[in-house]
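As provided, coords03.cif (mmCIF, C-alpha atoms) reads as follows.
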data_final
loop_
_atom_site.group_PDB
_atom_site.id
_atom_site.type_symbol
_atom_site.label_atom_id
_atom_site.label_comp_id
_atom_site.auth_asym_id
_atom_site.auth_seq_id
_atom_site.Cartn_x
_atom_site.Cartn_y
_atom_site.Cartn_z
ATOM 1 C CA MET A 1 160.355 114.040 120.110
ATOM 2 C CA ARG A 2 163.394 114.931 118.005
ATOM 3 C CA ARG A 3 164.810 118.350 118.747
ATOM 4 C CA LEU A 4 164.413 119.597 115.183
ATOM 5 C CA ASP A 5 160.732 118.578 115.220
ATOM 6 C CA ALA A 6 160.272 120.330 118.576
ATOM 7 C CA PHE A 7 161.966 123.453 117.207
ATOM 8 C CA VAL A 8 159.800 123.648 114.086
ATOM 9 C CA MET A 9 156.628 122.982 116.082
ATOM 10 C CA LEU A 10 157.441 125.589 118.754
ATOM 11 C CA TYR A 11 158.580 128.201 116.239
ATOM 12 C CA SER A 12 155.564 127.853 113.952
ATOM 13 C CA THR A 13 153.169 127.840 116.943
ATOM 14 C CA LEU A 14 154.724 130.954 118.501
ATOM 15 C CA THR A 15 154.709 132.811 115.183
ATOM 16 C CA ALA A 16 151.113 131.833 114.465
ATOM 17 C CA MET A 17 150.049 132.978 117.946
ATOM 18 C CA PHE A 18 151.862 136.331 117.690
ATOM 19 C CA THR A 19 150.584 136.950 114.160
ATOM 20 C CA ALA A 20 146.995 136.143 115.138
ATOM 21 C CA THR A 21 147.243 138.343 118.239
ATOM 22 C CA LEU A 22 148.675 141.317 116.315
ATOM 23 C CA SER A 23 146.085 140.885 113.608
ATOM 24 C CA LEU A 24 143.233 140.782 116.153
ATOM 25 C CA LEU A 25 144.640 143.918 117.774
ATOM 26 C CA GLY A 26 144.466 145.619 114.376
ATOM 27 C CA GLU A 27 148.217 146.170 114.103
ATOM 28 C CA GLY A 28 149.003 147.641 110.684
ATOM 29 C CA ARG A 29 152.802 147.877 110.741
ATOM 30 C CA PRO A 30 154.311 144.939 108.819
ATOM 31 C CA ASP A 31 157.643 145.266 110.597
ATOM 32 C CA ALA A 32 155.966 144.472 113.946
ATOM 33 C CA TYR A 33 154.868 141.078 112.577
ATOM 34 C CA VAL A 34 158.336 140.336 111.202
ATOM 35 C CA ALA A 35 160.076 141.462 114.417
ATOM 36 C CA LEU A 36 157.939 139.130 116.518
ATOM 37 C CA ALA A 37 158.479 136.256 114.059
ATOM 38 C CA ILE A 38 162.232 136.796 114.408
ATOM 39 C CA LEU A 39 161.965 136.944 118.204
ATOM 40 C CA SER A 40 159.980 133.692 118.109
ATOM 41 C CA TYR A 41 162.824 132.154 116.120
ATOM 42 C CA TYR A 42 165.470 133.013 118.688
ATOM 43 C CA VAL A 43 163.243 131.951 121.610
ATOM 44 C CA SER A 44 162.548 128.597 119.914
ATOM 45 C CA LEU A 45 166.227 128.174 119.070
ATOM 46 C CA ALA A 46 167.261 128.826 122.672
ATOM 47 C CA LEU A 47 164.634 126.489 124.126
ATOM 48 C CA THR A 48 165.132 123.514 121.807
ATOM 49 C CA SER A 49 168.729 123.754 120.469
ATOM 50 C CA PRO A 50 167.933 121.840 117.281
ATOM 51 C CA SER A 51 171.580 121.648 116.217
ATOM 52 C CA ALA A 52 174.658 121.132 118.391
ATOM 53 C CA ARG A 53 176.787 123.370 116.179
ATOM 54 C CA PRO A 54 175.434 125.890 113.709
ATOM 55 C CA ARG A 55 175.907 124.668 110.163
ATOM 56 C CA SER A 56 176.811 127.268 107.581
ATOM 57 C CA LEU A 57 173.289 127.713 106.225
ATOM 58 C CA GLN A 58 171.763 127.975 109.686
ATOM 59 C CA ALA A 59 174.498 130.398 110.741
ATOM 60 C CA ALA A 60 173.593 132.508 107.695
ATOM 61 C CA VAL A 61 169.907 132.427 108.713
ATOM 62 C CA ASN A 62 170.853 133.475 112.259
ATOM 63 C CA ALA A 63 172.925 136.394 111.003
ATOM 64 C CA SER A 64 170.330 137.484 108.404
ATOM 65 C CA LEU A 65 167.447 137.466 110.874
ATOM 66 C CA LEU A 66 169.521 139.364 113.438
ATOM 67 C CA ALA A 67 170.390 141.955 110.775
ATOM 68 C CA VAL A 68 166.722 142.341 109.756
ATOM 69 C CA PHE A 69 165.696 142.669 113.412
ATOM 70 C CA ALA A 70 168.411 145.281 114.042
ATOM 71 C CA LEU A 71 167.278 147.246 110.969
ATOM 72 C CA ILE A 72 163.655 147.227 112.162
ATOM 73 C CA VAL A 73 164.647 148.391 115.647
ATOM 74 C CA ALA A 74 167.007 151.033 114.236
ATOM 75 C CA TYR A 75 164.274 152.345 111.930
ATOM 76 C CA ARG A 76 161.798 152.595 114.829
ATOM 77 C CA VAL A 77 164.367 154.347 117.078
ATOM 78 C CA TYR A 78 165.177 156.764 114.249
ATOM 79 C CA GLU A 79 161.458 157.426 113.763
ATOM 80 C CA VAL A 80 161.027 158.246 117.472
ATOM 81 C CA LEU A 81 164.116 160.482 117.603
ATOM 82 C CA SER A 82 163.304 162.356 114.414
ATOM 83 C CA GLY A 83 159.635 162.795 115.049
ATOM 84 C CA MET B 84 168.994 117.000 104.854
ATOM 85 C CA GLU B 85 165.402 116.800 106.074
ATOM 86 C CA ALA B 86 163.467 116.705 102.816
ATOM 87 C CA ARG B 87 160.059 117.055 104.466
ATOM 88 C CA TYR B 88 161.058 120.342 106.110
ATOM 89 C CA LEU B 89 162.581 121.592 102.886
ATOM 90 C CA VAL B 90 159.317 120.863 101.055
ATOM 91 C CA ALA B 91 157.252 122.413 103.853
ATOM 92 C CA GLY B 92 159.446 125.529 103.887
ATOM 93 C CA VAL B 93 159.201 126.007 100.120
ATOM 94 C CA ASN B 94 155.408 125.555 100.289
ATOM 95 C CA ILE B 95 155.104 128.119 103.087
ATOM 96 C CA LEU B 96 157.303 130.535 101.103
ATOM 97 C CA THR B 97 155.140 130.075 97.998
ATOM 98 C CA VAL B 98 151.907 130.765 99.864
ATOM 99 C CA ALA B 99 153.521 133.707 101.661
ATOM 100 C CA GLY B 100 154.706 135.103 98.313
ATOM 101 C CA VAL B 101 151.172 135.010 96.927
ATOM 102 C CA ALA B 102 149.868 136.658 100.113
ATOM 103 C CA VAL B 103 152.527 139.401 99.897
ATOM 104 C CA ALA B 104 151.566 140.104 96.282
ATOM 105 C CA TYR B 105 147.876 140.266 97.189
ATOM 106 C CA ALA B 106 148.588 142.480 100.234
ATOM 107 C CA LEU B 107 150.644 144.902 98.108
ATOM 108 C CA ALA B 108 147.929 144.996 95.451
ATOM 109 C CA SER B 109 145.139 145.542 97.973
ATOM 110 C CA GLY B 110 147.143 147.832 100.272
ATOM 111 C CA SER B 111 146.420 145.741 103.359
ATOM 112 C CA GLN B 112 149.270 146.393 105.805
ATOM 113 C CA GLY B 113 148.066 143.796 108.312
ATOM 114 C CA LEU B 114 147.984 141.073 105.682
ATOM 115 C CA LEU B 115 151.429 142.168 104.460
ATOM 116 C CA GLY B 116 152.786 141.766 107.991
ATOM 117 C CA ALA B 117 151.234 138.312 108.414
ATOM 118 C CA ALA B 118 152.554 137.252 105.004
ATOM 119 C CA LEU B 119 156.082 138.478 105.803
ATOM 120 C CA ALA B 120 155.990 136.645 109.151
ATOM 121 C CA SER B 121 154.942 133.488 107.283
ATOM 122 C CA ALA B 122 157.743 134.027 104.777
ATOM 123 C CA THR B 123 160.197 134.214 107.689
ATOM 124 C CA VAL B 124 158.901 130.876 108.950
ATOM 125 C CA GLY B 125 159.224 129.454 105.427
ATOM 126 C CA VAL B 126 162.846 130.583 105.088
ATOM 127 C CA VAL B 127 163.783 129.178 108.497
ATOM 128 C CA VAL B 128 162.040 125.828 107.972
ATOM 129 C CA ALA B 129 163.579 125.412 104.497
ATOM 130 C CA ALA B 130 167.055 126.316 105.797
ATOM 131 C CA TYR B 131 166.807 123.803 108.636
ATOM 132 C CA GLY B 132 165.453 121.278 106.134
ATOM 133 C CA LEU B 133 168.543 121.784 103.969
ATOM 134 C CA GLY B 134 171.102 121.708 106.745
ATOM 135 C CA GLY B 135 169.237 119.951 109.528
ATOM 136 C CA GLY B 136 169.910 116.628 111.127
ATOM 137 C CA GLU B 137 170.203 115.257 114.575
ATOM 138 C CA PRO B 138 173.421 116.247 116.352
ATOM 139 C CA ALA B 139 173.969 112.622 117.353
ATOM 140 C CA THR B 140 174.008 111.404 113.739
ATOM 141 C CA GLY B 141 177.753 111.949 113.406
ATOM 142 C CA LEU B 142 178.386 110.202 116.723
ATOM 143 C CA LEU B 143 176.292 107.188 115.705
ATOM 144 C CA ALA B 144 177.995 107.005 112.303
ATOM 145 C CA GLY B 145 181.409 106.917 114.002
ATOM 146 C CA TYR B 146 180.188 104.382 116.559
ATOM 147 C CA SER B 147 178.840 102.165 113.793
ATOM 148 C CA ALA B 148 182.092 102.396 111.813
ATOM 149 C CA SER B 149 184.141 101.464 114.900
ATOM 150 C CA LEU B 150 182.008 98.422 115.721
ATOM 151 C CA SER B 151 181.899 97.421 112.077
ATOM 152 C CA SER B 152 185.686 97.391 111.757
ATOM 153 C CA ALA B 153 185.948 95.142 114.838
ATOM 154 C CA LEU B 154 183.331 92.753 113.437
ATOM 155 C CA VAL B 155 185.139 92.659 110.081
ATOM 156 C CA LYS B 156 188.258 91.473 111.945
ATOM 157 C CA VAL B 157 186.189 88.726 113.573
ATOM 158 C CA LEU B 158 184.780 87.693 110.166
ATOM 159 C CA GLU B 159 188.314 87.622 108.771
ATOM 160 C CA ASP B 160 189.550 85.394 111.596
ATOM 161 C CA MET B 161 186.593 83.044 111.075
ATOM 162 C CA ASP B 162 187.262 82.902 107.307
ATOM 163 C CA LEU B 163 183.797 84.335 106.613
ATOM 164 C CA LEU B 164 184.872 87.531 104.896
ATOM 165 C CA THR B 165 183.647 86.455 101.451
ATOM 166 C CA VAL B 166 180.474 84.772 102.704
ATOM 167 C CA LYS B 167 177.204 86.414 101.652
ATOM 168 C CA PRO B 168 174.976 87.355 104.575
ATOM 169 C CA VAL B 169 171.564 85.805 105.191
ATOM 170 C CA VAL B 170 168.689 87.350 107.119
ATOM 171 C CA TYR B 171 166.330 84.923 108.815
ATOM 172 C CA ASN B 172 162.866 86.257 109.577
ATOM 173 C CA ARG B 173 160.971 84.330 112.231
ATOM 174 C CA GLY B 174 157.691 86.032 112.981
ATOM 175 C CA GLY B 175 159.142 89.508 112.585
ATOM 176 C CA SER B 176 162.261 88.747 114.625
ATOM 177 C CA MET B 177 165.225 89.030 112.253
ATOM 178 C CA THR B 178 168.737 87.611 112.576
ATOM 179 C CA LEU B 179 171.680 88.370 110.294
ATOM 180 C CA VAL B 180 173.894 85.324 109.867
ATOM 181 C CA TYR B 181 177.324 84.929 108.257
ATOM 182 C CA SER B 182 178.062 81.237 107.727
ATOM 183 C CA LYS B 183 179.284 78.965 104.941
ATOM 184 C CA ASN B 184 176.356 76.669 105.641
ATOM 185 C CA ALA B 185 173.298 78.890 106.039
ATOM 186 C CA PRO B 186 170.512 77.763 103.689
ATOM 187 C CA LEU B 187 167.218 79.623 103.491
ATOM 188 C CA ASN B 188 164.103 78.176 105.181
ATOM 189 C CA VAL B 189 166.103 76.277 107.727
ATOM 190 C CA GLY B 190 164.119 76.187 110.965
ATOM 191 C CA ASP B 191 165.471 78.214 113.828
ATOM 192 C CA PRO B 192 168.480 80.446 113.129
ATOM 193 C CA PRO B 193 171.559 80.189 115.369
ATOM 194 C CA PRO B 194 171.655 82.234 118.581
ATOM 195 C CA GLN B 195 173.205 85.687 118.488
ATOM 196 C CA GLY B 196 176.989 85.765 118.734
ATOM 197 C CA ILE B 197 179.680 83.488 117.311
ATOM 198 C CA GLY B 198 179.888 79.696 117.417
ATOM 199 C CA VAL B 199 179.418 76.596 115.318
ATOM 200 C CA TRP B 200 176.069 75.879 113.629
ATOM 201 C CA ARG B 201 175.302 73.105 111.156
ATOM 202 C CA GLY B 202 178.982 72.125 111.294
ATOM 203 C CA SER B 203 180.302 75.560 110.279
ATOM 204 C CA PRO B 204 181.457 78.598 112.218
ATOM 205 C CA TYR B 205 178.997 81.473 112.172
ATOM 206 C CA LEU B 206 178.485 85.040 113.286
ATOM 207 C CA ALA B 207 174.905 86.068 114.055
ATOM 208 C CA VAL B 208 173.561 89.533 114.869
ATOM 209 C CA SER B 209 170.004 90.327 115.896
ATOM 210 C CA LEU B 210 168.333 92.863 113.603
ATOM 211 C CA ASP B 211 165.341 93.411 115.865
ATOM 212 C CA PRO B 212 166.111 97.127 116.447
ATOM 213 C CA LEU B 213 166.151 97.619 112.664
ATOM 214 C CA ALA B 214 163.065 95.423 112.263
ATOM 215 C CA GLY B 215 161.203 97.773 114.606
ATOM 216 C CA GLU B 216 161.981 100.658 112.259
ATOM 217 C CA ILE B 217 160.398 98.920 109.271
ATOM 218 C CA GLU B 218 157.714 96.816 110.942
ATOM 219 C CA GLU B 219 154.959 98.537 108.949
ATOM 220 C CA THR B 220 156.368 96.926 105.778
ATOM 221 C CA ALA B 221 155.668 93.429 107.133
ATOM 222 C CA GLY B 222 153.971 91.420 104.409
ATOM 223 C CA GLY B 223 153.560 94.538 102.279
ATOM 224 C CA GLY B 224 155.400 93.222 99.226
ATOM 225 C CA PHE B 225 158.396 94.634 97.398
ATOM 226 C CA ARG B 226 156.823 98.046 96.856
ATOM 227 C CA ALA B 227 156.615 98.417 100.664
ATOM 228 C CA ALA B 228 160.285 97.370 100.887
ATOM 229 C CA ALA B 229 161.305 100.058 98.369
ATOM 230 C CA GLU B 230 159.255 102.632 100.256
ATOM 231 C CA ALA B 231 160.878 101.619 103.563
ATOM 232 C CA LEU B 232 164.387 101.841 102.090
ATOM 233 C CA SER B 233 163.881 105.301 100.616
ATOM 234 C CA ALA B 234 161.361 107.080 102.840
ATOM 235 C CA ARG B 235 161.695 105.351 106.201
ATOM 236 C CA LEU B 236 165.370 104.408 106.421
ATOM 237 C CA GLY B 237 166.654 107.100 104.040
ATOM 238 C CA VAL B 238 169.159 104.686 102.483
ATOM 239 C CA ALA B 239 168.787 106.179 99.005
ATOM 240 C CA GLY B 240 166.798 108.841 97.200
ATOM 241 C CA SER B 241 165.337 106.382 94.719
ATOM 242 C CA VAL B 242 164.823 102.626 95.119
ATOM 243 C CA HIS B 243 163.502 100.211 92.499
ATOM 244 C CA VAL B 244 162.709 96.579 93.327
ATOM 245 C CA GLU B 245 162.040 94.049 90.560
ATOM 246 C CA GLU B 246 161.477 90.309 90.621
ATOM 247 C CA ALA B 247 164.009 88.557 88.401
ATOM 248 C CA GLY B 248 162.552 85.036 88.560
ATOM 249 C CA GLY B 249 163.871 81.991 90.359
ATOM 250 C CA GLY B 250 163.219 83.562 93.738
ATOM 251 C CA ARG B 251 165.601 86.401 92.966
ATOM 252 C CA VAL B 252 164.962 90.105 93.385
ATOM 253 C CA VAL B 253 166.979 92.950 91.914
ATOM 254 C CA VAL B 254 167.206 96.117 93.969
ATOM 255 C CA VAL B 255 168.559 99.281 92.356
ATOM 256 C CA LEU B 256 169.378 102.168 94.689
ATOM 257 C CA GLU B 257 170.181 105.590 93.299
ATOM 258 C CA ARG B 258 171.423 108.668 95.152
ATOM 259 C CA VAL B 259 172.658 106.621 98.109
ATOM 260 C CA ASN B 260 172.709 108.623 101.351
ATOM 261 C CA PRO B 261 176.177 110.233 101.724
ATOM 262 C CA LEU B 262 176.274 109.107 105.385
ATOM 263 C CA VAL B 263 176.486 105.445 104.365
ATOM 264 C CA ARG B 264 178.492 105.781 101.137
ATOM 265 C CA GLU B 265 181.827 105.399 102.945
ATOM 266 C CA ALA B 266 180.767 101.984 104.222
ATOM 267 C CA LEU B 267 179.684 100.625 100.826
ATOM 268 C CA GLY B 268 182.955 98.720 100.375
ATOM 269 C CA SER B 269 182.802 97.070 103.792
ATOM 270 C CA PRO B 270 181.729 93.411 104.200
ATOM 271 C CA LEU B 271 179.303 94.660 106.879
ATOM 272 C CA ASN B 272 177.725 97.016 104.409
ATOM 273 C CA PRO B 273 174.810 98.882 106.059
ATOM 274 C CA VAL B 274 173.071 99.296 102.702
ATOM 275 C CA ALA B 275 173.149 95.538 102.050
ATOM 276 C CA LEU B 276 171.933 94.935 105.571
ATOM 277 C CA ALA B 277 169.027 97.365 105.140
ATOM 278 C CA VAL B 278 168.100 95.836 101.766
ATOM 279 C CA LEU B 279 168.054 92.321 103.238
ATOM 280 C CA ALA B 280 166.043 93.421 106.276
ATOM 281 C CA ALA B 281 163.495 95.323 104.180
ATOM 282 C CA LEU B 282 163.009 92.479 101.684
ATOM 283 C CA SER B 283 162.814 89.910 104.468
ATOM 284 C CA SER B 284 160.257 91.986 106.360
ATOM 285 C CA ALA B 285 158.184 92.778 103.276
ATOM 286 C CA GLY B 286 158.216 89.187 102.015
ATOM 287 C CA GLY B 287 157.891 87.591 105.438
ATOM 288 C CA GLY B 288 160.633 85.046 104.616
ATOM 289 C CA ASP B 289 164.419 84.777 104.564
ATOM 290 C CA ALA B 290 166.761 86.703 102.280
ATOM 291 C CA ARG B 291 170.324 86.103 101.104
ATOM 292 C CA LEU B 292 172.530 88.655 99.367
ATOM 293 C CA GLU B 293 173.826 87.093 96.133
ATOM 294 C CA SER B 294 175.741 90.056 94.760
ATOM 295 C CA MET B 295 176.082 93.767 95.209
ATOM 296 C CA GLU B 296 177.779 96.235 92.911
ATOM 297 C CA CYS B 297 178.167 99.862 93.893
ATOM 298 C CA THR B 298 179.437 102.944 92.152
ATOM 299 C CA ALA B 299 179.935 106.335 93.785
ATOM 300 C CA ALA B 300 176.272 106.984 94.548
ATOM 301 C CA SER B 301 174.287 104.000 93.332
ATOM 302 C CA CYS B 302 174.073 100.281 94.043
ATOM 303 C CA ARG B 303 172.568 97.219 92.384
ATOM 304 C CA ALA B 304 171.895 94.235 94.614
ATOM 305 C CA VAL B 305 170.639 90.768 93.694
ATOM 306 C CA VAL B 306 168.904 89.042 96.581
ATOM 307 C CA GLU B 307 167.536 85.524 96.858
ATOM 308 C CA VAL B 308 164.315 85.541 98.855
ATOM 309 C CA SER B 309 162.145 82.781 100.216
ATOM 310 C CA ARG B 310 158.425 83.055 100.731
ATOM 311 C CA ALA B 311 157.050 82.663 104.245
#
What would the structure in this file look like if it were written as structure tokens?
Amino acid sequence: MRRLDAFVMLYSTLTAMFTATLSLLGEGRPDAYVALAILSYYVSLALTSPSARPRSLQAAVNASLLAVFALIVAYRVYEVLSG
Amino acid sequence: MEARYLVAGVNILTVAGVAVAYALASGSQGLLGAALASATVGVVVAAYGLGGGEPATGLLAGYSASLSSALVKVLEDMDLLTVKPVVYNRGGSMTLVYSKNAPLNVGDPPPQGIGVWRGSPYLAVSLDPLAGEIEETAGGGFRAAAEALSARLGVAGSVHVEEAGGGRVVVVLERVNPLVREALGSPLNPVALAVLAALSSAGGGDARLESMECTAASCRAVVEVSRA
């Protein structure tokens, strides 16, 4: 199987599993779903390495998802510290 | 570019967008989360569709160019540089032959390599690896050949095949894949080779390239084909 195919299959499967699990658990915070989808992305990327060198668009996706994940974590930490 | 992933990513994004709108309207936080997770998948799949590609593609392109330049030197030394290539199809096994005396429907093609055949020097290359890629077109007619050239081999974004009479077929390729554009001027043109192999496979007979004119991103080839 081509590495890009393996990446897309693993990433979509992991995200679907996490989303279904969170939904069944009755999780109501949207950021939890997004955070796990982003984690799934990095896990899939590390396991399959779909590209030998990050192309500009993929590098932008990497940076954007990391920024979104950092914002989610920062917001949750702030919520804990302030509340 | 991996068009199928780009299309899949855009579709996922569209569905996720509708789900986000519905979740916001209905106030369902769980659905909003699932929709945003789906949108993330859509963005990633579309981005990899736009910029994706196997890491070895560049290596294989360089490898092909290196071998091609060596073979062009051999063709030059054998005075076959201006000869139009012929593809012989014998039961799905295809052979590309450069020779000044290589008529269609000739019996068995010469063995792979260089030598003298029918009183003329020749260079023959087996196209069986390529034939395996397009074997589902076998006997499928020219529409199957066009489909193989665009969808299966990715030679060009749009391929039109028309019969021109007298056993000739005109193939028009538009939006030729940038990976093969650099080789369009070479005597061992991979686009010409793919066109001959696809037409030979689809028609079940032999094919000879009569002419090929290319601009920056499009090509028009006239091919003589023989029925099986």
Can you give me, as a PDB file with C-alpha atoms, in the frame of the given file, the residues this file yields under the PyMOL selection byres ((chain B) within 7 of (chain A))?
ATOM      1  CA  GLN B 112     149.270 146.393 105.805  1.00  0.00           C
ATOM      2  CA  GLY B 113     148.066 143.796 108.312  1.00  0.00           C
ATOM      3  CA  LEU B 115     151.429 142.168 104.460  1.00  0.00           C
ATOM      4  CA  GLY B 116     152.786 141.766 107.991  1.00  0.00           C
ATOM      5  CA  ALA B 117     151.234 138.312 108.414  1.00  0.00           C
ATOM      6  CA  LEU B 119     156.082 138.478 105.803  1.00  0.00           C
ATOM      7  CA  ALA B 120     155.990 136.645 109.151  1.00  0.00           C
ATOM      8  CA  THR B 123     160.197 134.214 107.689  1.00  0.00           C
ATOM      9  CA  VAL B 124     158.901 130.876 108.950  1.00  0.00           C
ATOM     10  CA  VAL B 127     163.783 129.178 108.497  1.00  0.00           C
ATOM     11  CA  VAL B 128     162.040 125.828 107.972  1.00  0.00           C
ATOM     12  CA  ALA B 130     167.055 126.316 105.797  1.00  0.00           C
ATOM     13  CA  TYR B 131     166.807 123.803 108.636  1.00  0.00           C
ATOM     14  CA  GLY B 134     171.102 121.708 106.745  1.00  0.00           C
ATOM     15  CA  GLU B 137     170.203 115.257 114.575  1.00  0.00           C
ATOM     16  CA  PRO B 138     173.421 116.247 116.352  1.00  0.00           C
TER      17      PRO B 138
END
Please determine the residues with any atom at most 12 Å from (160.7, 92.2, 101.4) (coordinates as given in the file, with only C-alpha atoms counting) and report them as an MDAnalysis selection string. chainID B and resid 170:172 175 214 217:232 244:246 250:254 277:291 306:311
Writer output for current selection, C-alpha atoms, as a PDB file, keeping the file's coordinate frame:
ATOM      1  CA  VAL B 170     168.689  87.350 107.119  1.00  0.00           C
ATOM      2  CA  TYR B 171     166.330  84.923 108.815  1.00  0.00           C
ATOM      3  CA  ASN B 172     162.866  86.257 109.577  1.00  0.00           C
ATOM      4  CA  GLY B 175     159.142  89.508 112.585  1.00  0.00           C
ATOM      5  CA  ALA B 214     163.065  95.423 112.263  1.00  0.00           C
ATOM      6  CA  ILE B 217     160.398  98.920 109.271  1.00  0.00           C
ATOM      7  CA  GLU B 218     157.714  96.816 110.942  1.00  0.00           C
ATOM      8  CA  GLU B 219     154.959  98.537 108.949  1.00  0.00           C
ATOM      9  CA  THR B 220     156.368  96.926 105.778  1.00  0.00           C
ATOM     10  CA  ALA B 221     155.668  93.429 107.133  1.00  0.00           C
ATOM     11  CA  GLY B 222     153.971  91.420 104.409  1.00  0.00           C
ATOM     12  CA  GLY B 223     153.560  94.538 102.279  1.00  0.00           C
ATOM     13  CA  GLY B 224     155.400  93.222  99.226  1.00  0.00           C
ATOM     14  CA  PHE B 225     158.396  94.634  97.398  1.00  0.00           C
ATOM     15  CA  ARG B 226     156.823  98.046  96.856  1.00  0.00           C
ATOM     16  CA  ALA B 227     156.615  98.417 100.664  1.00  0.00           C
ATOM     17  CA  ALA B 228     160.285  97.370 100.887  1.00  0.00           C
ATOM     18  CA  ALA B 229     161.305 100.058  98.369  1.00  0.00           C
ATOM     19  CA  GLU B 230     159.255 102.632 100.256  1.00  0.00           C
ATOM     20  CA  ALA B 231     160.878 101.619 103.563  1.00  0.00           C
ATOM     21  CA  LEU B 232     164.387 101.841 102.090  1.00  0.00           C
ATOM     22  CA  VAL B 244     162.709  96.579  93.327  1.00  0.00           C
ATOM     23  CA  GLU B 245     162.040  94.049  90.560  1.00  0.00           C
ATOM     24  CA  GLU B 246     161.477  90.309  90.621  1.00  0.00           C
ATOM     25  CA  GLY B 250     163.219  83.562  93.738  1.00  0.00           C
ATOM     26  CA  ARG B 251     165.601  86.401  92.966  1.00  0.00           C
ATOM     27  CA  VAL B 252     164.962  90.105  93.385  1.00  0.00           C
ATOM     28  CA  VAL B 253     166.979  92.950  91.914  1.00  0.00           C
ATOM     29  CA  VAL B 254     167.206  96.117  93.969  1.00  0.00           C
ATOM     30  CA  ALA B 277     169.027  97.365 105.140  1.00  0.00           C
ATOM     31  CA  VAL B 278     168.100  95.836 101.766  1.00  0.00           C
ATOM     32  CA  LEU B 279     168.054  92.321 103.238  1.00  0.00           C
ATOM     33  CA  ALA B 280     166.043  93.421 106.276  1.00  0.00           C
ATOM     34  CA  ALA B 281     163.495  95.323 104.180  1.00  0.00           C
ATOM     35  CA  LEU B 282     163.009  92.479 101.684  1.00  0.00           C
ATOM     36  CA  SER B 283     162.814  89.910 104.468  1.00  0.00           C
ATOM     37  CA  SER B 284     160.257  91.986 106.360  1.00  0.00           C
ATOM     38  CA  ALA B 285     158.184  92.778 103.276  1.00  0.00           C
ATOM     39  CA  GLY B 286     158.216  89.187 102.015  1.00  0.00           C
ATOM     40  CA  GLY B 287     157.891  87.591 105.438  1.00  0.00           C
ATOM     41  CA  GLY B 288     160.633  85.046 104.616  1.00  0.00           C
ATOM     42  CA  ASP B 289     164.419  84.777 104.564  1.00  0.00           C
ATOM     43  CA  ALA B 290     166.761  86.703 102.280  1.00  0.00           C
ATOM     44  CA  ARG B 291     170.324  86.103 101.104  1.00  0.00           C
ATOM     45  CA  VAL B 306     168.904  89.042  96.581  1.00  0.00           C
ATOM     46  CA  GLU B 307     167.536  85.524  96.858  1.00  0.00           C
ATOM     47  CA  VAL B 308     164.315  85.541  98.855  1.00  0.00           C
ATOM     48  CA  SER B 309     162.145  82.781 100.216  1.00  0.00           C
ATOM     49  CA  ARG B 310     158.425  83.055 100.731  1.00  0.00           C
ATOM     50  CA  ALA B 311     157.050  82.663 104.245  1.00  0.00           C
TER      51      ALA B 311
END
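Atom to atom, atom CA of B:Ser121 and atom CA of B:Ala99 stand 5.8 Å apart.
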Using the chain letters and numbers from the file, give me the residues hit by the PyMOL selection byres ((chain B and resi 180) around 7), as a ChimeraX atom specification.
/B:168-170,178-179,181-182,205-208
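The spacing separating atom CA of B:Glu85 from atom CA of A:Met17 amounts to 25.3 Å.
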